[in-house]
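Reproduced below: query.pdb, with PDB, C-alpha atoms and all ligand atoms.
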ATOM      1  CA  MET A 194     167.310 111.591  99.612  1.00  0.00           C
ATOM      2  CA  LEU A 195     170.223 109.256  99.499  1.00  0.00           C
ATOM      3  CA  GLY A 196     173.449 109.780 101.354  1.00  0.00           C
ATOM      4  CA  THR A 197     171.983 111.877 104.132  1.00  0.00           C
ATOM      5  CA  GLY A 198     172.041 109.112 106.675  1.00  0.00           C
ATOM      6  CA  LEU A 199     168.304 109.328 106.988  1.00  0.00           C
ATOM      7  CA  SER A 200     166.439 106.142 106.454  1.00  0.00           C
ATOM      8  CA  ILE A 201     163.001 105.827 105.164  1.00  0.00           C
ATOM      9  CA  PRO A 202     160.761 104.701 107.987  1.00  0.00           C
ATOM     10  CA  GLN A 203     159.419 101.235 107.584  1.00  0.00           C
ATOM     11  CA  VAL A 204     155.724 101.172 107.117  1.00  0.00           C
ATOM     12  CA  ALA A 205     154.304  98.657 109.503  1.00  0.00           C
ATOM     13  CA  CYS A 206     152.963  95.682 107.701  1.00  0.00           C
ATOM     14  CA  ARG A 207     149.372  95.581 108.743  1.00  0.00           C
ATOM     15  CA  SER A 208     148.012  92.136 109.238  1.00  0.00           C
ATOM     16  CA  LYS A 209     144.379  91.780 108.479  1.00  0.00           C
ATOM     17  CA  GLY A 210     142.218  91.984 111.534  1.00  0.00           C
ATOM     18  CA  ASP A 211     142.874  92.009 115.230  1.00  0.00           C
ATOM     19  CA  PRO A 212     145.661  89.588 116.200  1.00  0.00           C
ATOM     20  CA  LEU A 213     144.027  89.025 119.587  1.00  0.00           C
ATOM     21  CA  ALA A 214     140.683  88.161 118.042  1.00  0.00           C
ATOM     22  CA  PRO A 215     139.380  84.645 117.495  1.00  0.00           C
ATOM     23  CA  ALA A 216     139.727  83.069 114.090  1.00  0.00           C
ATOM     24  CA  ALA A 217     137.029  83.977 111.607  1.00  0.00           C
ATOM     25  CA  PRO A 218     134.011  81.714 112.025  1.00  0.00           C
ATOM     26  CA  THR A 219     131.976  80.092 109.302  1.00  0.00           C
ATOM     27  CA  LEU A 220     128.262  80.410 108.684  1.00  0.00           C
ATOM     28  CA  ASP A 221     125.757  78.068 107.109  1.00  0.00           C
ATOM     29  CA  LEU A 222     122.016  78.038 106.711  1.00  0.00           C
ATOM     30  CA  VAL A 223     120.419  75.124 108.577  1.00  0.00           C
ATOM     31  CA  ALA A 224     119.210  72.594 106.021  1.00  0.00           C
ATOM     32  CA  ALA A 225     115.733  72.519 107.583  1.00  0.00           C
ATOM     33  CA  SER A 226     115.484  76.269 106.998  1.00  0.00           C
ATOM     34  CA  ASP A 227     116.619  75.965 103.376  1.00  0.00           C
ATOM     35  CA  THR A 228     113.275  75.080 101.834  1.00  0.00           C
ATOM     36  CA  GLY A 229     112.368  74.233  98.288  1.00  0.00           C
ATOM     37  CA  SER A 230     113.905  71.925  95.762  1.00  0.00           C
ATOM     38  CA  SER A 231     117.368  72.223  97.284  1.00  0.00           C
ATOM     39  CA  SER A 232     118.332  72.327 100.952  1.00  0.00           C
ATOM     40  CA  THR A 233     121.735  73.756 100.093  1.00  0.00           C
ATOM     41  CA  ASP A 234     120.986  76.610  97.681  1.00  0.00           C
ATOM     42  CA  ASP A 235     120.221  79.211 100.389  1.00  0.00           C
ATOM     43  CA  ILE A 236     116.889  79.961  98.714  1.00  0.00           C
ATOM     44  CA  THR A 237     114.069  79.616 101.208  1.00  0.00           C
ATOM     45  CA  ASN A 238     110.505  80.619 101.950  1.00  0.00           C
ATOM     46  CA  ASP A 239     111.303  80.654 105.670  1.00  0.00           C
ATOM     47  CA  THR A 240     111.280  84.299 106.769  1.00  0.00           C
ATOM     48  CA  THR A 241     112.964  83.432 110.081  1.00  0.00           C
ATOM     49  CA  PRO A 242     115.549  80.872 109.021  1.00  0.00           C
ATOM     50  CA  ASP A 243     118.064  79.395 111.427  1.00  0.00           C
ATOM     51  CA  PHE A 244     121.801  79.363 110.889  1.00  0.00           C
ATOM     52  CA  TYR A 245     124.744  77.412 112.179  1.00  0.00           C
ATOM     53  CA  GLY A 246     127.802  79.306 113.275  1.00  0.00           C
ATOM     54  CA  SER A 247     130.963  77.239 113.418  1.00  0.00           C
ATOM     55  CA  THR A 248     134.231  78.315 114.928  1.00  0.00           C
ATOM     56  CA  THR A 249     137.655  77.393 113.684  1.00  0.00           C
ATOM     57  CA  ASP A 250     139.301  79.037 116.669  1.00  0.00           C
ATOM     58  CA  PRO A 251     141.571  76.639 118.588  1.00  0.00           C
ATOM     59  CA  SER A 252     139.716  77.503 121.790  1.00  0.00           C
ATOM     60  CA  GLY A 253     136.329  76.927 120.221  1.00  0.00           C
ATOM     61  CA  TRP A 254     133.414  78.889 121.571  1.00  0.00           C
ATOM     62  CA  LEU A 255     134.018  80.130 125.091  1.00  0.00           C
ATOM     63  CA  GLU A 256     131.324  81.221 127.486  1.00  0.00           C
ATOM     64  CA  ASN A 257     130.537  84.922 127.051  1.00  0.00           C
ATOM     65  CA  ASP A 258     132.042  85.051 123.579  1.00  0.00           C
ATOM     66  CA  VAL A 259     129.802  87.145 121.380  1.00  0.00           C
ATOM     67  CA  VAL A 260     128.557  86.060 117.989  1.00  0.00           C
ATOM     68  CA  THR A 261     126.965  88.799 115.941  1.00  0.00           C
ATOM     69  CA  LEU A 262     124.738  87.849 113.037  1.00  0.00           C
ATOM     70  CA  TYR A 263     124.565  90.480 110.318  1.00  0.00           C
ATOM     71  CA  VAL A 264     121.683  90.223 107.874  1.00  0.00           C
ATOM     72  CA  THR A 265     120.963  92.831 105.228  1.00  0.00           C
ATOM     73  CA  GLY A 266     117.740  94.624 106.046  1.00  0.00           C
ATOM     74  CA  ILE A 267     117.588  94.054 109.797  1.00  0.00           C
ATOM     75  CA  ALA A 268     119.555  95.140 112.831  1.00  0.00           C
ATOM     76  CA  PRO A 269     122.502  92.948 113.843  1.00  0.00           C
ATOM     77  CA  ILE A 270     121.548  90.096 116.167  1.00  0.00           C
ATOM     78  CA  VAL A 271     123.886  89.633 119.096  1.00  0.00           C
ATOM     79  CA  HIS A 272     124.192  86.206 120.647  1.00  0.00           C
ATOM     80  CA  THR A 273     126.262  85.554 123.766  1.00  0.00           C
ATOM     81  CA  ILE A 274     127.700  82.068 124.073  1.00  0.00           C
ATOM     82  CA  THR A 275     126.245  80.248 127.064  1.00  0.00           C
ATOM     83  CA  ALA A 276     128.016  77.767 129.285  1.00  0.00           C
ATOM     84  CA  GLY A 277     126.087  75.030 127.515  1.00  0.00           C
ATOM     85  CA  GLU A 278     127.275  76.130 124.090  1.00  0.00           C
ATOM     86  CA  ALA A 279     130.887  76.604 125.128  1.00  0.00           C
ATOM     87  CA  GLY A 280     133.157  73.877 123.861  1.00  0.00           C
ATOM     88  CA  SER A 281     130.894  72.862 121.023  1.00  0.00           C
ATOM     89  CA  GLY A 282     131.932  73.411 117.448  1.00  0.00           C
ATOM     90  CA  THR A 283     128.701  74.933 116.260  1.00  0.00           C
ATOM     91  CA  VAL A 284     126.088  77.209 117.671  1.00  0.00           C
ATOM     92  CA  SER A 285     122.529  77.713 116.515  1.00  0.00           C
ATOM     93  CA  LEU A 286     121.643  81.258 115.484  1.00  0.00           C
ATOM     94  CA  GLY A 287     118.075  82.317 114.932  1.00  0.00           C
ATOM     95  CA  LEU A 288     116.453  85.521 113.782  1.00  0.00           C
ATOM     96  CA  GLY A 289     113.952  85.504 116.600  1.00  0.00           C
ATOM     97  CA  ALA A 290     111.234  88.080 116.030  1.00  0.00           C
ATOM     98  CA  SER A 291     112.866  89.635 113.003  1.00  0.00           C
ATOM     99  CA  PRO A 292     111.186  88.160 109.923  1.00  0.00           C
ATOM    100  CA  LEU A 293     112.903  88.912 106.655  1.00  0.00           C
ATOM    101  CA  SER A 294     111.319  90.458 103.604  1.00  0.00           C
ATOM    102  CA  ASP A 295     111.415  88.751 100.259  1.00  0.00           C
ATOM    103  CA  GLY A 296     114.612  89.304  98.393  1.00  0.00           C
ATOM    104  CA  ASN A 297     118.340  88.988  98.848  1.00  0.00           C
ATOM    105  CA  HIS A 298     119.877  89.111 102.305  1.00  0.00           C
ATOM    106  CA  SER A 299     123.614  88.991 102.548  1.00  0.00           C
ATOM    107  CA  THR A 300     124.412  87.271 105.842  1.00  0.00           C
ATOM    108  CA  TYR A 301     127.586  86.777 107.855  1.00  0.00           C
ATOM    109  CA  ILE A 302     128.783  86.532 111.445  1.00  0.00           C
ATOM    110  CA  THR A 303     131.662  87.690 113.560  1.00  0.00           C
ATOM    111  CA  HIS A 304     133.124  86.155 116.715  1.00  0.00           C
ATOM    112  CA  ALA A 305     134.232  88.489 119.494  1.00  0.00           C
ATOM    113  CA  ARG A 306     136.103  87.679 122.670  1.00  0.00           C
ATOM    114  CA  GLY A 307     137.129  90.207 125.289  1.00  0.00           C
ATOM    115  CA  GLY A 308     136.450  93.089 122.959  1.00  0.00           C
ATOM    116  CA  HIS A 309     138.462  91.639 120.083  1.00  0.00           C
ATOM    117  CA  THR A 310     136.379  90.907 117.031  1.00  0.00           C
ATOM    118  CA  SER A 311     137.274  88.376 114.376  1.00  0.00           C
ATOM    119  CA  LEU A 312     137.219  88.965 110.692  1.00  0.00           C
ATOM    120  CA  ALA A 313     133.861  88.305 109.095  1.00  0.00           C
ATOM    121  CA  SER A 314     132.840  84.781 108.254  1.00  0.00           C
ATOM    122  CA  ASN A 315     131.960  83.651 104.780  1.00  0.00           C
ATOM    123  CA  THR A 316     128.851  85.339 103.440  1.00  0.00           C
ATOM    124  CA  VAL A 317     125.663  83.378 102.925  1.00  0.00           C
ATOM    125  CA  ALA A 318     123.765  84.856  99.969  1.00  0.00           C
ATOM    126  CA  LEU A 319     120.337  84.175 101.416  1.00  0.00           C
ATOM    127  CA  VAL A 320     117.329  84.573  99.152  1.00  0.00           C
ATOM    128  CA  VAL A 321     113.900  84.735 100.784  1.00  0.00           C
ATOM    129  CA  ASP A 322     111.126  83.910  98.345  1.00  0.00           C
ATOM    130  CA  THR A 323     107.685  83.399  99.828  1.00  0.00           C
ATOM    131  CA  VAL A 324     105.834  83.753  96.532  1.00  0.00           C
ATOM    132  CA  ALA A 325     104.608  80.405  95.307  1.00  0.00           C
ATOM    133  CA  PRO A 326     105.860  79.585  91.848  1.00  0.00           C
ATOM    134  CA  THR A 327     103.337  79.700  89.025  1.00  0.00           C
ATOM    135  CA  LEU A 328     103.199  77.076  86.390  1.00  0.00           C
ATOM    136  CA  SER A 329     103.328  78.366  82.863  1.00  0.00           C
ATOM    137  CA  ALA A 330     103.102  76.275  79.765  1.00  0.00           C
ATOM    138  CA  ALA A 331     106.214  76.215  77.705  1.00  0.00           C
ATOM    139  CA  SER A 332     105.480  77.950  74.460  1.00  0.00           C
ATOM    140  CA  GLY A 333     107.250  77.505  71.215  1.00  0.00           C
ATOM    141  CA  SER A 334     109.128  74.530  72.526  1.00  0.00           C
ATOM    142  CA  ASP A 335     108.192  72.448  69.519  1.00  0.00           C
ATOM    143  CA  ALA A 336     110.609  74.104  67.196  1.00  0.00           C
ATOM    144  CA  GLY A 337     111.175  71.178  64.914  1.00  0.00           C
ATOM    145  CA  SER A 338     109.308  70.282  61.768  1.00  0.00           C
ATOM    146  CA  ASN A 339     105.898  68.782  62.337  1.00  0.00           C
ATOM    147  CA  THR A 340     105.994  66.854  59.130  1.00  0.00           C
ATOM    148  CA  ALA A 341     107.898  63.745  58.477  1.00  0.00           C
ATOM    149  CA  SER A 342     108.604  62.144  55.189  1.00  0.00           C
ATOM    150  CA  ILE A 343     108.838  58.448  55.069  1.00  0.00           C
ATOM    151  CA  SER A 344     110.501  56.765  52.155  1.00  0.00           C
ATOM    152  CA  VAL A 345     108.807  53.535  51.184  1.00  0.00           C
TER     153      VAL A 345
HETATM  154 CA    CA B 401     116.459  75.956  99.169  1.00  0.00          CA
END
Before we go any further, please render this structure as structure tokens.
Ligand SMILES: [Ca+2]
Amino acid sequence: MLGTGLSIPQVACRSKGDPLAPAAPTLDLVAASDTGSSSTDDITNDTTPDFYGSTTDPSGWLENDVVTLYVTGIAPIVHTITAGEAGSGTVSLGLGASPLSDGNHSTYITHARGGHTSLASNTVALVVDTVAPTLSAASGSDAGSNTASISV
């Protein structure tokens, strides 16, 4: 109501994510794990592909930061940054003993520090395809006329 002297409480503007968390990382499939005709299409026959996690956080990776790899179809894989990995821009993330089934596996990571978890990285739309392609003859591809008339 107007004129009552009461003001409408301001709704806090929620920023996305935890302000104390590291910046959202980025994720990429390692080219060597991206088999087939393209090493950048995220279609692979490797059931335990390796990924690169990259941080855009100003502090980079710090020792004991936690990177969690989420892959559709398997339990999250938790990786703790070692002293050797700290300071580097990228960290190698493997699936270990968790082979993936054929099909689509949406994959992303988060970066946590001191209990504060970043927003999710980009999503890699991984496709695992271990079935060898079969060659089939193109049929009906000769759609044109088979006769030619030649004027003499
Ligand atoms: Ca590929």
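For ligand CA 401 (chain B), the protein and nucleic acid residues at most 12 Å away, judged by all atoms listed in the file, amount to Leu222, Val223, Ala224, Ala225, Ser226, Asp227, Thr228, Gly229, Ser230, Ser231, Ser232, Thr233, Asp234, Asp235, Ile236, Thr237, Asn238, Asp239, Pro242, Ala318, Leu319, Val320, Val321, Asp322 and Thr323 of chain A.
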Dump as a PDB file, keeping the file's coordinate frame, selection limited to C-alpha atoms:
ATOM      1  CA  LEU A 222     122.016  78.038 106.711  1.00  0.00           C
ATOM      2  CA  VAL A 223     120.419  75.124 108.577  1.00  0.00           C
ATOM      3  CA  ALA A 224     119.210  72.594 106.021  1.00  0.00           C
ATOM      4  CA  ALA A 225     115.733  72.519 107.583  1.00  0.00           C
ATOM      5  CA  SER A 226     115.484  76.269 106.998  1.00  0.00           C
ATOM      6  CA  ASP A 227     116.619  75.965 103.376  1.00  0.00           C
ATOM      7  CA  THR A 228     113.275  75.080 101.834  1.00  0.00           C
ATOM      8  CA  GLY A 229     112.368  74.233  98.288  1.00  0.00           C
ATOM      9  CA  SER A 230     113.905  71.925  95.762  1.00  0.00           C
ATOM     10  CA  SER A 231     117.368  72.223  97.284  1.00  0.00           C
ATOM     11  CA  SER A 232     118.332  72.327 100.952  1.00  0.00           C
ATOM     12  CA  THR A 233     121.735  73.756 100.093  1.00  0.00           C
ATOM     13  CA  ASP A 234     120.986  76.610  97.681  1.00  0.00           C
ATOM     14  CA  ASP A 235     120.221  79.211 100.389  1.00  0.00           C
ATOM     15  CA  ILE A 236     116.889  79.961  98.714  1.00  0.00           C
ATOM     16  CA  THR A 237     114.069  79.616 101.208  1.00  0.00           C
ATOM     17  CA  ASN A 238     110.505  80.619 101.950  1.00  0.00           C
ATOM     18  CA  ASP A 239     111.303  80.654 105.670  1.00  0.00           C
ATOM     19  CA  PRO A 242     115.549  80.872 109.021  1.00  0.00           C
ATOM     20  CA  ALA A 318     123.765  84.856  99.969  1.00  0.00           C
ATOM     21  CA  LEU A 319     120.337  84.175 101.416  1.00  0.00           C
ATOM     22  CA  VAL A 320     117.329  84.573  99.152  1.00  0.00           C
ATOM     23  CA  VAL A 321     113.900  84.735 100.784  1.00  0.00           C
ATOM     24  CA  ASP A 322     111.126  83.910  98.345  1.00  0.00           C
ATOM     25  CA  THR A 323     107.685  83.399  99.828  1.00  0.00           C
TER      26      THR A 323
END
Enumerate, as an mmCIF file with C-alpha atoms, keeping the file's coordinate frame, the residues matched when the PyMOL selection byres (((chain A and resi 219) around 6) and not hetatm) is run on the file above.
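Okay, out.cif is ready:
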data_model
loop_
_atom_site.group_PDB
_atom_site.id
_atom_site.type_symbol
_atom_site.label_atom_id
_atom_site.label_comp_id
_atom_site.auth_asym_id
_atom_site.auth_seq_id
_atom_site.Cartn_x
_atom_site.Cartn_y
_atom_site.Cartn_z
ATOM 1 C CA PRO A 218 134.011 81.714 112.025
ATOM 2 C CA LEU A 220 128.262 80.410 108.684
ATOM 3 C CA GLY A 246 127.802 79.306 113.275
ATOM 4 C CA SER A 247 130.963 77.239 113.418
ATOM 5 C CA SER A 314 132.840 84.781 108.254
ATOM 6 C CA ASN A 315 131.960 83.651 104.780
#
- Item | Top pick for closest residue to Leu213 (chain A), considering A:Thr283, A:Val317, A:Val264, A:Asp250 and counting all atoms listed in the file |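 Smallest separation from Leu213 (chain A) among the options: A:Asp250.
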Apply the PyMOL selection byres (((chain A and resi 269-274) around 9) and not hetatm) to the file shown and report the selected residues as a compact mmCIF listing (two decimals) with C-alpha atoms, keeping the file's coordinate frame.
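File produced: out.txt:
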# COMPACT_ATOMS: atom_id res chain seq x y z
CA TRP A 254 133.41 78.89 121.57
CA LEU A 255 134.02 80.13 125.09
CA GLU A 256 131.32 81.22 127.49
CA ASN A 257 130.54 84.92 127.05
CA ASP A 258 132.04 85.05 123.58
CA VAL A 259 129.80 87.14 121.38
CA VAL A 260 128.56 86.06 117.99
CA THR A 261 126.96 88.80 115.94
CA LEU A 262 124.74 87.85 113.04
CA TYR A 263 124.56 90.48 110.32
CA VAL A 264 121.68 90.22 107.87
CA THR A 265 120.96 92.83 105.23
CA ILE A 267 117.59 94.05 109.80
CA ALA A 268 119.56 95.14 112.83
CA THR A 275 126.24 80.25 127.06
CA ALA A 276 128.02 77.77 129.28
CA GLY A 277 126.09 75.03 127.52
CA GLU A 278 127.28 76.13 124.09
CA ALA A 279 130.89 76.60 125.13
CA VAL A 284 126.09 77.21 117.67
CA LEU A 286 121.64 81.26 115.48
CA GLY A 287 118.08 82.32 114.93
CA LEU A 288 116.45 85.52 113.78
CA GLY A 289 113.95 85.50 116.60
- Message: As an exercise, work out the distance from CA of Ala216 (chain A) to CA of Arg306 (chain A) in Å and give it to one decimal place.
- Response: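 It comes out at 10.4 Å.
Minimum atom-to-atom distance to Ser281 (chain A), evaluated using only C-alpha atoms, belongs to A:Ser252 out of A:Ser311, A:Ser252, A:Val324, A:Gly266.
For the pair CA of Thr248 (chain A) and CA of Gly280 (chain A), the interatomic distance is 10.0 Å.
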- Query: Between CA of Asp211 (chain A) and CA of Ile302 (chain A), what is the spacing in Å?
  - Reply: 15.6 Å
Give the centre and edge lengths of an axis-aligned box, in Å to one decimal, that holds all listed atoms of region 267-278 of chain A with 4 Å on each side, as AutoDock Vina command-line options.
--center_x 122.8 --center_y 85.1 --center_z 119.5 --size_x 18.4 --size_y 28.1 --size_z 27.5
